[in-house]
Every structure is written in C-alpha cells, then in structure tokens.
Amino acid sequence: MGYKVKFQQVTKKYKMYNKQTDKLKDLLWNRGKGEYHYALNKISFEVNEGEIVGVIGLNGSGKSTLSNLIAGVTMPNEGTVDINGSASLIAIGAGLNNQLTGLQNIELKGLMMGLNKHQIEEITPKVIEFADIGKFINQPVKTYSSGMKSRLGFAISVNIDPDILVIDEALSVGDQTFTNKCLEKMNEFKENGKTIFFISHSLSQVRSFCTKALWIHYGHVKEYGDITEVADHYAAFLKEYNAMSKEEREQLKEQQLSESAHGLLMSTSEKSEKKADSKEEEPRFSKRSQRMKQQKDKSVKKRSSKKKVLLSAATLLLAGSAGVAAYAVKNNVPHDKPAVSEQAAPASTSHKNDVDKVAVNTKTAFVRDKADLKSNQKTILSFGEVYSVLDRKKDPDEDMEWIKVKVGEGRVGWVSSYLVSPYKEDKQVVAKENIETLNEFTNVKYDSTIANLLRPLGGSVEHLSQTFTKTLTSQRESNDGNLLNYGSVQYVSLNNEVEEVSLRNFDESSSKVLEALKEKPVFTNEKEGLYFYQSQNYYIKVYEDVKTNKITLISFVKRSNT
C-alpha cells in the first residue's frame, strides 16, 4: 500500500504589510525585504491510502494552510507536496463563487475537478438532494448562510468522488441532522478505502472517526501517530491551556513562536537582505523586537547580560533543542553550559581521545549536513541514542564544538556538542537484580515480570508474536521502525528484529523508581525529566513528568555486542 499524500520539508509563508500601499509597491518593484508569517515551517509527514487523519491544533497553527496545500489551492514556498490522486477540499464556502447561483457553482466546481458535461449532469440531482437547501439552489451564493454554503460545498465534493477528501471545519456549522448525514457519507468513504483529512476542533468527533492524528502546533508537526495516543496528549495540553489566563496564553504563544523560529520572523536570507537595505529605509520591528529593544536601552549592564543570554538561547535553539534553549533563557544559563546535570557535561569539555562515543541528552537533536548552524537538517536523533564519534570540529563563531556521527547506512552528519554527553561503556552499570526490582510495578501494571517483558529483545518479530501472551492492539510504521503495541507495552523492530520495548503509562513516583534502580544514572537532564542508565545488556531510558514528579515511560534498548 503506497502513500497518497507526502510532505517533505514544506514551508508556507505569507508576507506581512502595514498598509495596502506597501503591498502595491512590492508588486510593482518586487522588493525582497519585509516581514513574513510562517504558517507552516519545514513540516514532513506521510499518509497511506485508506487512512483517516484527524488534524488538530490551536487556532492559527496552520491547519487551514495545510488543507489548502493538500487540495492544491496554494503552493509551498519550499519543500515538496506529493499528492497521488485527486483531492477535494470541503470548507465553508471553499471553491464557491459568491456571484453565481448554487446550480452554476455545481457546474463550475465539476469542471474544475475535470468532469465533463455529461458527468456534471449526472451528479447534479444527487448534489441538490444531499444539500437540501430548497429554492436557494437557484439563488446567488452570496445570499447563503454559512450553514448553507457548507451544505452545498460538502454535497458537491462528496458526489465528485475524489481520491482524497479534505474536510476543514465543514461540520462545525449547520444542524445536527445534516452533520449526521455527512458523517454517514464519510463512513461510506472510509469503508471504500478513501484517504480523508478531517480538520476539526471537536476532539470527540476526531477520536470516533479517525485512525490517526496529526497535531499541528504553530506551524510545526508536534505529534503524528495513533489517534488515541496523540488525542490524549492534545487533550492534556488543552486542559492546561484552557486553565491559563489571557496573558499567560499570549506569553506561551510568543515563547513557542520564538522557539520554533516561526511567526513574524525572517529567514536567514531575508535578514541579510534587510541588513543590506538598512541604509535605504528604517527597518520595521515586530512588537516583541520593540520590547526587547526598550529593555536593552535601560542600562549598559543589563544590556550586556541580556545579550549573552539571548545569544546563548539562539545558539541552542538553532542547534535543534528548543527545550534546552527555553531553559537557558529562563534560568540565565550561559551558553557554554548545557541544561543538564554535571554528569552530562558537553562532549567538547573532553579531550578528543578521551571519549569515542556520545549519547543524546535531550528529547530531540538535529543532525546537520555540515558543522554549521546554517546548514540543512538531515534527520532528528532521540534521547538516549548512542553514537560513535567520527570527527570533531570547533566552531569559533558560535563558541561550540560539532560532533560527526553515523546516522544510518552510509549516512553521516554533525550534531552540536551541547545536545550530547560523553558515553563510557563501563560507567555505572545497573545490575540485573536491580532491574528485577521493577517487578514491583510491572506485575501490577502490565501483568508480567520485567524479565518476560524484556525477553523478546534481540529476537525476531515472529518469535515475539509466538512468545508474548498479550494481544496485539495496533501496529504501524514510523521513523523509528515498526511499532507493535500490546496495550501499554510497545515493541520496536527494525529489519524484523526487536530492538526496543517501552513500558508506557508507567505513572509511578520518580523517587520510588529511581531508588529501585539503585545506581546513579550515566547522565540526566532534570529540566526535561530525562534519565539515562545502562545495564550489561540494555540502554535504559527513563522519562519523568517534571510537573507531577512521576515516571511516565521506561524504555529498554538492546545493546549491541560489537
């Protein structure tokens, strides 16, 4: 089964204008400078045929821009959008001409979708019946209510019978009777193996109808995967978000827009153009930039201090760890110290020959083509992954070191030393009997001993299915490999060999779990709630919810014998 929709490093930006005359000048003289809003910023995902994807996220996160890209209404500024088949967008009024009647709009949209006259005549009675807007079918669309526009748009799209259906908040208006009729039609499409994108603020509808969820957060893919897992995480986020005051929400939005290099910001090339043209006109600043400028002018001493912190945050952010950067700004950490414990000193503090391996010490770390923050991102590494050091380079401009690692067959890349920690094979090994103390928790939560849960590691997927007594609840492919879920226990296989097991929904006191393991971790990142251990046979990754001080997940990765 091949993919129907594939996004690869897709960016969509819109230029911001203070007044209409600025837009006119830009059209006439094609000026490159200015401020841009990044609706989507380097997003990548793949959807297979027959999958039903619920697109969720806060207002202004880029969901409608995503739907327009899938439907071909607009084109990306960067990256590629690969659509295999015909796609139809259903949104309130989308594709409808306000000056034409409903009947004329049926013909217009049919022609736009490649139907001939005979085919349009064939579907017209079905559209009229499904829309059920009575005599208004012969009236201009500009006289319609939003509910009537949605009815007509939905009726046209589903009767054109596209390969890919994109539904953008089309069910948020109108009566419940029509909504039920739409859901029935969508379920019919679902049974026929159509690919559907369902964009909605109704989490209950998304849960009941979709097989996957795509969480868009201020222009980036926050999470993509199993509907239950992603929807649960989004619901938890919404609970916190809705409890915030208006000021707190604005602060969160501003912080995360900054961390994701998204919003009223300029790309590197745009900044260069702006700098080059600074003699011609006064630069425009965003509100955030104006506030930063005012703060800098208060005193020479404060300006110097804040400059160091902001520069360190920018360095860490571009290196790929937004969480580390946020921590540095909040806690006034200078950029030559990582946001991890003393055990996790950056690899750059060690002599070249002292450390031949490093481990990722943050949740995600970008790997780049070159030892340069401006170079392209190749892939993302995850917490606790161990890599051999192939080479090192100093970056005098950023006062940091780059580590060259092998990230796949025949693939190498560079990662910032701030995002990895020195790794020693024989350092602080957790004894087998200490791992077995986790039986206190696994016997209750997973109805199995830790030894039984770890036994499939290193074996084949076939052997896993034969020996594991639990029922397989779901299975899907991801960037990490083939994910096999047995309730709250997840196994990951690569090339048919089981390499990792994760005990999800662990939900136990951090002090109890860490005490049970006895040994000190090889390194920690307490701000992100990350603890890395190792035993003779496994790398052990422990994830903590820093707000509740509870361990939420423990992963065991089979160590290589080589």
# chains A, B, ... in the order shown; residues from 1 in each chain; ligands from 1
>>> residues_around(residues="A:Lys512", least_positions_apart="5", cutoff="12 Å", atoms="only C-alpha atoms", output="list in words")
Thr437, Leu438, Glu440, Phe441, Asp507, Leu517, Lys518, Asn549, Lys550 and Ile551 of chain A
>>> closest_residue(among="A:Lys142, A:Met113, A:Val522, A:Ser510", to="A:Thr548", atoms="only C-alpha atoms")
A:Ser510
>>> atom_distance(atom1="atom CA of A:Cys182", atom2="atom CA of A:Arg476")
28.3 Å
>>> closest_residue(among="A:Asp356, A:Ser145, A:Arg207, A:Glu49", to="A:Phe189", atoms="only C-alpha atoms")
A:Glu49
>>> residues_around(residues="A:Phe154", least_positions_apart="4", cutoff="7 Å", atoms="only C-alpha atoms", output="PyMOL selection string")
chain A and resi 90+150+158
>>> atom_distance(atom1="atom CA of A:Asp391", atom2="atom CA of A:Val405")
7.5 Å
>>> select_by_dssp(residues="stretch 316-559 of chain A", states="alpha helix (DSSP H)", output="compact mmCIF listing (two decimals) with N, CA and C atoms, in the first residue's frame")
# COMPACT_ATOMS: atom_id res chain seq x y z
N LEU A 316 21.51 27.58 21.02
CA LEU A 316 20.95 26.28 21.38
C LEU A 316 19.72 25.96 20.57
N LEU A 317 18.89 26.99 20.32
CA LEU A 317 17.67 26.77 19.55
C LEU A 317 17.98 26.32 18.14
N LEU A 318 18.89 27.03 17.46
CA LEU A 318 19.25 26.65 16.10
C LEU A 318 19.90 25.30 16.05
N ALA A 319 20.57 24.91 17.14
CA ALA A 319 21.20 23.60 17.17
C ALA A 319 20.18 22.50 17.25
N ALA A 322 14.85 23.10 21.34
CA ALA A 322 14.07 24.24 21.79
C ALA A 322 13.89 24.22 23.30
N GLY A 323 13.72 23.05 23.86
CA GLY A 323 13.52 22.92 25.31
C GLY A 323 14.74 23.38 26.06
N VAL A 324 15.95 23.04 25.58
CA VAL A 324 17.18 23.46 26.23
C VAL A 324 17.33 24.97 26.14
N ALA A 325 16.98 25.54 24.99
CA ALA A 325 17.11 26.97 24.81
C ALA A 325 16.19 27.73 25.75
N ALA A 326 14.93 27.25 25.88
CA ALA A 326 13.98 27.90 26.77
C ALA A 326 14.49 27.87 28.20
N TYR A 327 15.09 26.77 28.57
CA TYR A 327 15.63 26.63 29.92
C TYR A 327 16.78 27.61 30.15
N ALA A 328 17.63 27.77 29.12
CA ALA A 328 18.77 28.68 29.26
C ALA A 328 18.31 30.11 29.48
N VAL A 329 17.28 30.55 28.73
CA VAL A 329 16.78 31.90 28.88
C VAL A 329 16.16 32.10 30.25
N LYS A 330 15.34 31.13 30.67
CA LYS A 330 14.61 31.25 31.92
C LYS A 330 15.54 31.25 33.12
N ASN A 331 16.59 30.46 33.07
CA ASN A 331 17.45 30.28 34.22
C ASN A 331 18.79 31.01 34.12
N LYS A 432 21.58 -6.73 37.20
CA LYS A 432 20.38 -7.46 36.80
C LYS A 432 19.36 -7.49 37.93
N GLU A 433 19.85 -7.72 39.18
CA GLU A 433 18.92 -7.79 40.30
C GLU A 433 18.22 -6.46 40.58
N ASN A 434 18.90 -5.34 40.23
CA ASN A 434 18.26 -4.03 40.40
C ASN A 434 17.15 -3.82 39.37
N ILE A 435 17.37 -4.32 38.16
CA ILE A 435 16.32 -4.24 37.13
C ILE A 435 15.10 -5.06 37.58
N GLU A 436 15.38 -6.19 38.20
CA GLU A 436 14.29 -7.07 38.64
C GLU A 436 13.44 -6.45 39.74
N ASN A 439 9.84 -5.35 39.10
CA ASN A 439 8.69 -6.26 39.13
C ASN A 439 7.59 -5.73 40.04
N GLU A 440 8.01 -4.97 41.04
CA GLU A 440 7.03 -4.37 41.96
C GLU A 440 5.99 -3.56 41.21
N PHE A 441 6.40 -2.95 40.12
CA PHE A 441 5.49 -2.12 39.32
C PHE A 441 4.91 -2.87 38.12
N THR A 442 5.76 -3.66 37.43
CA THR A 442 5.29 -4.31 36.20
C THR A 442 4.27 -5.41 36.46
N ASN A 443 4.40 -6.11 37.59
CA ASN A 443 3.43 -7.17 37.90
C ASN A 443 2.02 -6.61 38.02
N VAL A 444 1.93 -5.38 38.54
CA VAL A 444 0.62 -4.75 38.73
C VAL A 444 0.13 -4.09 37.44
N LYS A 445 1.02 -3.34 36.79
CA LYS A 445 0.60 -2.53 35.65
C LYS A 445 0.53 -3.30 34.33
N ILE A 450 9.40 -8.17 34.68
CA ILE A 450 10.26 -7.40 33.78
C ILE A 450 11.07 -8.33 32.88
N ALA A 451 11.45 -9.51 33.40
CA ALA A 451 12.22 -10.47 32.59
C ALA A 451 11.41 -10.93 31.38
N ASN A 452 10.12 -11.20 31.57
CA ASN A 452 9.26 -11.62 30.46
C ASN A 452 9.08 -10.51 29.44
N LEU A 453 8.98 -9.26 29.92
CA LEU A 453 8.80 -8.14 29.01
C LEU A 453 10.04 -7.89 28.17
N LEU A 454 11.22 -8.18 28.74
CA LEU A 454 12.48 -7.94 28.04
C LEU A 454 12.92 -9.11 27.17
N VAL A 461 10.44 -10.69 14.99
CA VAL A 461 9.05 -10.29 15.20
C VAL A 461 8.16 -11.52 15.30
N GLU A 462 8.46 -12.55 14.49
CA GLU A 462 7.68 -13.80 14.53
C GLU A 462 7.80 -14.46 15.91
N HIS A 463 9.01 -14.44 16.46
CA HIS A 463 9.22 -15.02 17.78
C HIS A 463 8.47 -14.23 18.84
N LEU A 464 8.40 -12.89 18.67
CA LEU A 464 7.65 -12.04 19.60
C LEU A 464 6.18 -12.44 19.62
N SER A 465 5.59 -12.58 18.45
CA SER A 465 4.16 -12.92 18.36
C SER A 465 3.87 -14.31 18.92
N GLN A 466 4.87 -15.18 18.86
CA GLN A 466 4.67 -16.55 19.35
C GLN A 466 4.84 -16.64 20.87
N THR A 467 5.73 -15.80 21.43
CA THR A 467 6.06 -15.94 22.85
C THR A 467 5.32 -14.96 23.75
N SER A 510 8.63 9.11 40.96
CA SER A 510 10.01 9.14 40.48
C SER A 510 10.98 8.63 41.53
N SER A 511 10.79 9.05 42.77
CA SER A 511 11.71 8.65 43.83
C SER A 511 11.71 7.14 44.03
N LYS A 512 10.55 6.52 43.93
CA LYS A 512 10.45 5.06 44.10
C LYS A 512 11.17 4.32 42.97
N VAL A 513 10.94 4.77 41.75
CA VAL A 513 11.52 4.07 40.59
C VAL A 513 13.03 4.26 40.56
N LEU A 514 13.50 5.48 40.75
CA LEU A 514 14.93 5.75 40.70
C LEU A 514 15.67 5.07 41.85
N GLU A 515 15.00 4.97 42.99
CA GLU A 515 15.59 4.27 44.12
C GLU A 515 15.69 2.77 43.84
N ALA A 516 14.70 2.24 43.13
CA ALA A 516 14.69 0.81 42.80
C ALA A 516 15.86 0.44 41.89
>>> residues_around(residues="A:Lys357", least_positions_apart="2", cutoff="7 Å", atoms="only C-alpha atoms", output="PDB file with C-alpha atoms, in the first residue's frame")
ATOM      1  CA  VAL A 355      35.538   9.886  24.532  1.00  0.00           C
ATOM      2  CA  VAL A 386      24.396   6.228  21.421  1.00  0.00           C
ATOM      3  CA  TYR A 387      26.734   7.065  18.530  1.00  0.00           C
ATOM      4  CA  SER A 388      30.419   6.631  17.791  1.00  0.00           C
ATOM      5  CA  VAL A 389      32.375   9.860  17.313  1.00  0.00           C
ATOM      6  CA  PRO A 422      30.210  11.689  26.798  1.00  0.00           C
ATOM      7  CA  TYR A 423      29.400   7.997  26.995  1.00  0.00           C
TER       8      TYR A 423
END
>>> residues_around(residues="A:Tyr14", least_positions_apart="6", cutoff="7 Å", atoms="only C-alpha atoms", output="VMD selection string")
chain A and resid 36 to 38
>>> residues_around(residues="A:Ile199", least_positions_apart="3", cutoff="6 Å", atoms="only C-alpha atoms", output="MDAnalysis selection string")
chainID A and resid 54:55 167:169
>>> residues_around(residues="stretch 160-163 of chain A", least_positions_apart="5", cutoff="7 Å", atoms="only C-alpha atoms", output="ChimeraX atom specification")
/A:85-88,194-195
>>> write_last_selection(atoms="N, CA and C atoms", output="tab-separated table (two decimals), in the first residue's frame")
chain	number	residue	atom	x	y	z
A	85	GLY	N	-3.33	11.24	-6.74
A	85	GLY	CA	-4.77	11.18	-6.94
A	85	GLY	C	-5.39	12.55	-6.90
A	86	SER	N	-6.73	12.60	-7.02
A	86	SER	CA	-7.46	13.87	-6.97
A	86	SER	C	-7.85	14.18	-5.54
A	87	ALA	N	-7.73	15.45	-5.16
A	87	ALA	CA	-8.07	15.88	-3.80
A	87	ALA	C	-9.13	16.96	-3.87
A	88	SER	N	-10.11	16.89	-2.96
A	88	SER	CA	-11.18	17.87	-2.92
A	88	SER	C	-11.28	18.45	-1.52
A	194	LYS	N	-11.07	5.32	0.96
A	194	LYS	CA	-10.65	6.67	0.61
A	194	LYS	C	-9.72	7.23	1.69
A	195	THR	N	-8.86	8.13	1.28
A	195	THR	CA	-7.99	8.82	2.22
A	195	THR	C	-8.66	10.13	2.63
>>> select_by_dssp(residues="stretch 66-149 of chain A", states="strand (DSSP E or B)", output="list in words")
Glu78, Gly79, Thr80, Val81, Asp82, Ile83, Ala87, Ser88, Leu89, Ile90, Ala91, Thr101 and Pro140 of chain A
>>> atom_distance(atom1="atom CA of A:Glu519", atom2="atom CA of A:Tyr531")
11.5 Å
